[in-house]
>>> print(open('protein-v3.cif').read())   # mmCIF, C-alpha atoms
data_data
loop_
_atom_site.group_PDB
_atom_site.id
_atom_site.type_symbol
_atom_site.label_atom_id
_atom_site.label_comp_id
_atom_site.auth_asym_id
_atom_site.auth_seq_id
_atom_site.Cartn_x
_atom_site.Cartn_y
_atom_site.Cartn_z
ATOM 1 C CA MET A 1 0.000 0.000 0.000
ATOM 2 C CA ASN A 2 1.473 3.342 -1.059
ATOM 3 C CA GLU A 3 1.309 5.785 1.876
ATOM 4 C CA ASP A 4 0.967 8.712 -0.568
ATOM 5 C CA LEU A 5 -2.507 7.423 -1.412
ATOM 6 C CA LEU A 6 -3.757 7.151 2.177
ATOM 7 C CA ASP A 7 -6.375 9.449 3.689
ATOM 8 C CA ALA A 8 -6.302 10.397 7.357
ATOM 9 C CA VAL A 9 -9.441 9.170 9.131
ATOM 10 C CA ILE A 10 -11.125 9.450 12.503
ATOM 11 C CA VAL A 11 -13.122 6.401 13.611
ATOM 12 C CA THR A 12 -15.750 6.790 16.325
ATOM 13 C CA ILE A 13 -16.489 3.679 18.401
ATOM 14 C CA ASP A 14 -20.015 2.888 19.584
ATOM 15 C CA ASP A 15 -20.736 2.936 23.320
ATOM 16 C CA GLN A 16 -21.099 -0.849 23.545
ATOM 17 C CA HIS A 17 -17.489 -1.377 22.399
ATOM 18 C CA LEU A 18 -15.632 1.306 24.378
ATOM 19 C CA GLU A 19 -14.206 -1.258 26.792
ATOM 20 C CA SER A 20 -12.904 -3.354 23.897
ATOM 21 C CA ILE A 21 -11.568 -0.443 21.824
ATOM 22 C CA GLN A 22 -8.193 -2.161 21.308
ATOM 23 C CA THR A 23 -9.973 -5.168 19.780
ATOM 24 C CA VAL A 24 -11.775 -2.779 17.413
ATOM 25 C CA ALA A 25 -8.428 -1.120 16.573
ATOM 26 C CA ASP A 26 -6.962 -4.542 15.768
ATOM 27 C CA ALA A 27 -9.935 -5.315 13.502
ATOM 28 C CA LEU A 28 -9.492 -1.959 11.735
ATOM 29 C CA THR A 29 -5.840 -2.842 11.136
ATOM 30 C CA LEU A 30 -6.894 -6.150 9.584
ATOM 31 C CA ALA A 31 -9.336 -4.186 7.394
ATOM 32 C CA GLY A 32 -6.458 -2.099 6.005
ATOM 33 C CA MET A 33 -6.205 0.880 8.359
ATOM 34 C CA LYS A 34 -2.838 2.062 9.638
ATOM 35 C CA VAL A 35 -3.800 2.946 13.237
ATOM 36 C CA SER A 36 -1.844 5.881 14.657
ATOM 37 C CA GLY A 37 -3.778 6.581 17.853
ATOM 38 C CA VAL A 38 -6.325 5.025 20.197
ATOM 39 C CA LEU A 39 -8.184 7.311 22.621
ATOM 40 C CA PRO A 40 -10.226 4.990 24.863
ATOM 41 C CA THR A 41 -11.655 7.752 27.056
ATOM 42 C CA VAL A 42 -13.476 9.390 24.145
ATOM 43 C CA GLY A 43 -13.905 6.329 21.907
ATOM 44 C CA ILE A 44 -11.819 7.568 18.981
ATOM 45 C CA ILE A 45 -9.282 5.754 16.805
ATOM 46 C CA SER A 46 -7.199 7.771 14.352
ATOM 47 C CA GLY A 47 -5.129 6.613 11.454
ATOM 48 C CA SER A 48 -4.935 6.405 7.692
ATOM 49 C CA VAL A 49 -6.387 4.168 5.031
ATOM 50 C CA ALA A 50 -6.808 3.962 1.273
ATOM 51 C CA ARG A 51 -9.987 5.815 0.299
ATOM 52 C CA ALA A 52 -11.343 2.665 -1.362
ATOM 53 C CA ALA A 53 -11.194 0.830 1.997
ATOM 54 C CA ILE A 54 -13.215 3.390 3.989
ATOM 55 C CA SER A 55 -16.473 1.545 3.305
ATOM 56 C CA THR A 56 -14.881 -1.644 4.673
ATOM 57 C CA LEU A 57 -13.927 0.134 7.911
ATOM 58 C CA LYS A 58 -17.579 1.103 8.392
ATOM 59 C CA THR A 59 -18.522 -2.600 8.545
ATOM 60 C CA VAL A 60 -16.137 -3.418 11.418
ATOM 61 C CA ARG A 61 -18.017 -4.444 14.560
ATOM 62 C CA GLY A 62 -17.993 -1.588 17.075
ATOM 63 C CA VAL A 63 -17.532 1.218 14.543
ATOM 64 C CA ALA A 64 -20.159 3.966 14.794
ATOM 65 C CA ALA A 65 -18.692 6.301 12.149
ATOM 66 C CA VAL A 66 -15.695 6.834 9.882
ATOM 67 C CA GLU A 67 -14.854 10.383 8.821
ATOM 68 C CA LEU A 68 -12.051 11.943 6.832
ATOM 69 C CA ASP A 69 -9.772 13.915 9.145
ATOM 70 C CA GLN A 70 -10.081 17.466 7.852
ATOM 71 C CA GLU A 71 -7.686 20.307 8.600
ATOM 72 C CA MET A 72 -9.227 22.818 10.967
ATOM 73 C CA ARG A 73 -8.079 26.372 11.595
ATOM 74 C CA ALA A 74 -9.432 29.441 13.297
ATOM 75 C CA ILE A 75 -11.396 31.909 11.193
ATOM 76 C CA GLY A 76 -9.040 34.560 9.887
ATOM 77 C CA SER A 77 -5.879 32.655 10.752
ATOM 78 C CA PRO A 78 -3.317 32.291 7.976
ATOM 79 C CA ARG A 79 -2.939 28.906 6.371
ATOM 80 C CA GLN A 80 0.402 27.362 7.288
ATOM 81 C CA GLN A 81 2.501 25.702 4.629
#
>>> encode(input="protein-v3.cif", output="structure tokens")
Amino acid sequence: MNEDLLDAVIVTIDDQHLESIQTVADALTLAGMKVSGVLPTVGIISGSVARAAISTLKTVRGVAAVELDQEMRAIGSPRQQ
């Protein structure tokens, strides 16, 4: 998998799987996601994946949502290069 073609994603875990978030992270890895962070307190897993595999991530047991990680900045702040 070419890392240049990966999209950063944020995966939200459903409430029923918060206690087994590492198991969900492992399943996401098997589904093609490169996991970069697991935040058990808030039920978020971050990482990157090929855009074509995003729909597969959504089928992993315990996943509530998969969203592209978008750059955020304050209104009026200059864009950094």
>>> residues_near_point(input="protein-v3.cif", point="(-11.5, 8.6, 21.3)", cutoff="10 Å", atoms="only C-alpha atoms", output="list in words")
Ile10, Val11, Thr12, Ile13, Leu18, Ile21, Gly37, Val38, Leu39, Pro40, Thr41, Val42, Gly43, Ile44, Ile45 and Ser46 of chain A
>>> resolve_selection(input="protein-v3.cif", expression="the PyMOL selection byres ((chain A and resi 6) around 12)", output="mmCIF file with C-alpha atoms, in the frame of the given file")
data_model
loop_
_atom_site.group_PDB
_atom_site.id
_atom_site.type_symbol
_atom_site.label_atom_id
_atom_site.label_comp_id
_atom_site.auth_asym_id
_atom_site.auth_seq_id
_atom_site.Cartn_x
_atom_site.Cartn_y
_atom_site.Cartn_z
ATOM 1 C CA MET A 1 0.000 0.000 0.000
ATOM 2 C CA ASN A 2 1.473 3.342 -1.059
ATOM 3 C CA GLU A 3 1.309 5.785 1.876
ATOM 4 C CA ASP A 4 0.967 8.712 -0.568
ATOM 5 C CA LEU A 5 -2.507 7.423 -1.412
ATOM 6 C CA ASP A 7 -6.375 9.449 3.689
ATOM 7 C CA ALA A 8 -6.302 10.397 7.357
ATOM 8 C CA VAL A 9 -9.441 9.170 9.131
ATOM 9 C CA GLY A 32 -6.458 -2.099 6.005
ATOM 10 C CA MET A 33 -6.205 0.880 8.359
ATOM 11 C CA LYS A 34 -2.838 2.062 9.638
ATOM 12 C CA VAL A 35 -3.800 2.946 13.237
ATOM 13 C CA GLY A 47 -5.129 6.613 11.454
ATOM 14 C CA SER A 48 -4.935 6.405 7.692
ATOM 15 C CA VAL A 49 -6.387 4.168 5.031
ATOM 16 C CA ALA A 50 -6.808 3.962 1.273
ATOM 17 C CA ARG A 51 -9.987 5.815 0.299
ATOM 18 C CA ALA A 52 -11.343 2.665 -1.362
ATOM 19 C CA ALA A 53 -11.194 0.830 1.997
ATOM 20 C CA ILE A 54 -13.215 3.390 3.989
ATOM 21 C CA LEU A 68 -12.051 11.943 6.832
ATOM 22 C CA ASP A 69 -9.772 13.915 9.145
#
>>> atom_distance(input="protein-v3.cif", atom1="atom CA of A:Ala64", atom2="atom CA of A:His17")
9.7 Å
>>> atom_distance(input="protein-v3.cif", atom1="atom CA of A:Val24", atom2="atom CA of A:Gln70")
22.5 Å
>>> atom_distance(input="protein-v3.cif", atom1="atom CA of A:Ala31", atom2="atom CA of A:Glu67")
15.6 Å
>>> axis_aligned_box(input="protein-v3.cif", around="stretch 8-26 of chain A", padding_each_side="3 Å", output="JSON")
{"center_x": -13.7, "center_y": 2.6, "center_z": 17.1, "size_x": 20.8, "size_y": 21.6, "size_z": 25.4}
>>> resolve_selection(input="protein-v3.cif", expression="the PyMOL selection byres ((chain A and resi 61) around 10)", output="NGL selection string")
:A and (13-14 or 17 or 23-24 or 27-28 or 57-60 or 62-64)
>>> build_atoms(input="protein-v3.cif", residues="stretch 22-58 of chain A", atoms="N, CA and C atoms", output="mmCIF file, keeping the file's coordinate frame")
data_model
loop_
_atom_site.group_PDB
_atom_site.id
_atom_site.type_symbol
_atom_site.label_atom_id
_atom_site.label_comp_id
_atom_site.auth_asym_id
_atom_site.auth_seq_id
_atom_site.Cartn_x
_atom_site.Cartn_y
_atom_site.Cartn_z
ATOM 1 N N GLN A 22 -9.415 -1.626 21.916
ATOM 2 C CA GLN A 22 -8.193 -2.161 21.308
ATOM 3 C C GLN A 22 -8.522 -3.306 20.350
ATOM 4 N N THR A 23 -9.531 -4.100 20.681
ATOM 5 C CA THR A 23 -9.973 -5.168 19.780
ATOM 6 C C THR A 23 -10.512 -4.569 18.485
ATOM 7 N N VAL A 24 -11.266 -3.473 18.604
ATOM 8 C CA VAL A 24 -11.775 -2.779 17.413
ATOM 9 C C VAL A 24 -10.599 -2.226 16.600
ATOM 10 N N ALA A 25 -9.613 -1.642 17.270
ATOM 11 C CA ALA A 25 -8.428 -1.120 16.573
ATOM 12 C C ALA A 25 -7.706 -2.236 15.817
ATOM 13 N N ASP A 26 -7.599 -3.400 16.431
ATOM 14 C CA ASP A 26 -6.962 -4.542 15.768
ATOM 15 C C ASP A 26 -7.754 -4.961 14.533
ATOM 16 N N ALA A 27 -9.083 -4.954 14.641
ATOM 17 C CA ALA A 27 -9.935 -5.315 13.502
ATOM 18 C C ALA A 27 -9.809 -4.277 12.383
ATOM 19 N N LEU A 28 -9.690 -3.007 12.741
ATOM 20 C CA LEU A 28 -9.492 -1.959 11.735
ATOM 21 C C LEU A 28 -8.162 -2.151 11.015
ATOM 22 N N THR A 29 -7.141 -2.561 11.748
ATOM 23 C CA THR A 29 -5.840 -2.842 11.136
ATOM 24 C C THR A 29 -5.968 -3.976 10.125
ATOM 25 N N LEU A 30 -6.680 -5.027 10.506
ATOM 26 C CA LEU A 30 -6.894 -6.150 9.584
ATOM 27 C C LEU A 30 -7.690 -5.729 8.352
ATOM 28 N N ALA A 31 -8.526 -4.686 8.505
ATOM 29 C CA ALA A 31 -9.336 -4.186 7.394
ATOM 30 C C ALA A 31 -8.567 -3.195 6.519
ATOM 31 N N GLY A 32 -7.288 -2.936 6.856
ATOM 32 C CA GLY A 32 -6.458 -2.099 6.005
ATOM 33 C C GLY A 32 -6.087 -0.740 6.558
ATOM 34 N N MET A 33 -6.514 -0.429 7.771
ATOM 35 C CA MET A 33 -6.205 0.880 8.359
ATOM 36 C C MET A 33 -4.857 0.843 9.064
ATOM 37 N N LYS A 34 -4.082 1.893 8.892
ATOM 38 C CA LYS A 34 -2.838 2.062 9.638
ATOM 39 C C LYS A 34 -3.199 2.912 10.861
ATOM 40 N N VAL A 35 -3.369 2.267 12.016
ATOM 41 C CA VAL A 35 -3.800 2.946 13.237
ATOM 42 C C VAL A 35 -2.632 3.753 13.803
ATOM 43 N N SER A 36 -2.893 5.029 14.083
ATOM 44 C CA SER A 36 -1.844 5.881 14.657
ATOM 45 C C SER A 36 -2.161 6.321 16.082
ATOM 46 N N GLY A 37 -3.420 6.181 16.494
ATOM 47 C CA GLY A 37 -3.778 6.581 17.853
ATOM 48 C C GLY A 37 -5.076 5.955 18.309
ATOM 49 N N VAL A 38 -5.117 5.581 19.584
ATOM 50 C CA VAL A 38 -6.325 5.025 20.197
ATOM 51 C C VAL A 38 -6.609 5.855 21.444
ATOM 52 N N LEU A 39 -7.783 6.470 21.494
ATOM 53 C CA LEU A 39 -8.184 7.311 22.621
ATOM 54 C C LEU A 39 -9.383 6.672 23.313
ATOM 55 N N PRO A 40 -9.135 5.748 24.252
ATOM 56 C CA PRO A 40 -10.226 4.990 24.863
ATOM 57 C C PRO A 40 -11.214 5.842 25.653
ATOM 58 N N THR A 41 -10.765 6.926 26.246
ATOM 59 C CA THR A 41 -11.655 7.752 27.056
ATOM 60 C C THR A 41 -12.777 8.369 26.229
ATOM 61 N N VAL A 42 -12.470 8.747 24.997
ATOM 62 C CA VAL A 42 -13.476 9.390 24.145
ATOM 63 C C VAL A 42 -13.981 8.483 23.020
ATOM 64 N N GLY A 43 -13.433 7.273 22.910
ATOM 65 C CA GLY A 43 -13.905 6.329 21.907
ATOM 66 C C GLY A 43 -13.527 6.686 20.484
ATOM 67 N N ILE A 44 -12.300 7.152 20.302
ATOM 68 C CA ILE A 44 -11.819 7.568 18.981
ATOM 69 C C ILE A 44 -10.555 6.790 18.623
ATOM 70 N N ILE A 45 -10.490 6.365 17.357
ATOM 71 C CA ILE A 45 -9.282 5.754 16.805
ATOM 72 C C ILE A 45 -8.908 6.574 15.579
ATOM 73 N N SER A 46 -7.652 6.995 15.506
ATOM 74 C CA SER A 46 -7.199 7.771 14.352
ATOM 75 C C SER A 46 -6.197 6.952 13.560
ATOM 76 N N GLY A 47 -6.083 7.303 12.299
ATOM 77 C CA GLY A 47 -5.129 6.613 11.454
ATOM 78 C C GLY A 47 -5.291 7.005 10.007
ATOM 79 N N SER A 48 -4.839 6.139 9.120
ATOM 80 C CA SER A 48 -4.935 6.405 7.692
ATOM 81 C C SER A 48 -5.285 5.119 6.957
ATOM 82 N N VAL A 49 -5.908 5.308 5.809
ATOM 83 C CA VAL A 49 -6.387 4.168 5.031
ATOM 84 C C VAL A 49 -6.574 4.612 3.584
ATOM 85 N N ALA A 50 -6.490 3.669 2.669
ATOM 86 C CA ALA A 50 -6.808 3.962 1.273
ATOM 87 C C ALA A 50 -8.285 4.330 1.178
ATOM 88 N N ARG A 51 -8.598 5.346 0.403
ATOM 89 C CA ARG A 51 -9.987 5.815 0.299
ATOM 90 C C ARG A 51 -10.942 4.675 -0.084
ATOM 91 N N ALA A 52 -10.492 3.773 -0.926
ATOM 92 C CA ALA A 52 -11.343 2.665 -1.362
ATOM 93 C C ALA A 52 -11.718 1.728 -0.216
ATOM 94 N N ALA A 53 -10.937 1.733 0.867
ATOM 95 C CA ALA A 53 -11.194 0.830 1.997
ATOM 96 C C ALA A 53 -12.057 1.459 3.089
ATOM 97 N N ILE A 54 -12.418 2.731 2.951
ATOM 98 C CA ILE A 54 -13.215 3.390 3.989
ATOM 99 C C ILE A 54 -14.538 2.671 4.208
ATOM 100 N N SER A 55 -15.188 2.241 3.145
ATOM 101 C CA SER A 55 -16.473 1.545 3.305
ATOM 102 C C SER A 55 -16.299 0.237 4.071
ATOM 103 N N THR A 56 -15.158 -0.420 3.920
ATOM 104 C CA THR A 56 -14.881 -1.644 4.673
ATOM 105 C C THR A 56 -14.736 -1.342 6.157
ATOM 106 N N LEU A 57 -14.081 -0.234 6.499
ATOM 107 C CA LEU A 57 -13.927 0.134 7.911
ATOM 108 C C LEU A 57 -15.285 0.316 8.579
ATOM 109 N N LYS A 58 -16.245 0.849 7.835
ATOM 110 C CA LYS A 58 -17.579 1.103 8.392
ATOM 111 C C LYS A 58 -18.307 -0.180 8.773
#
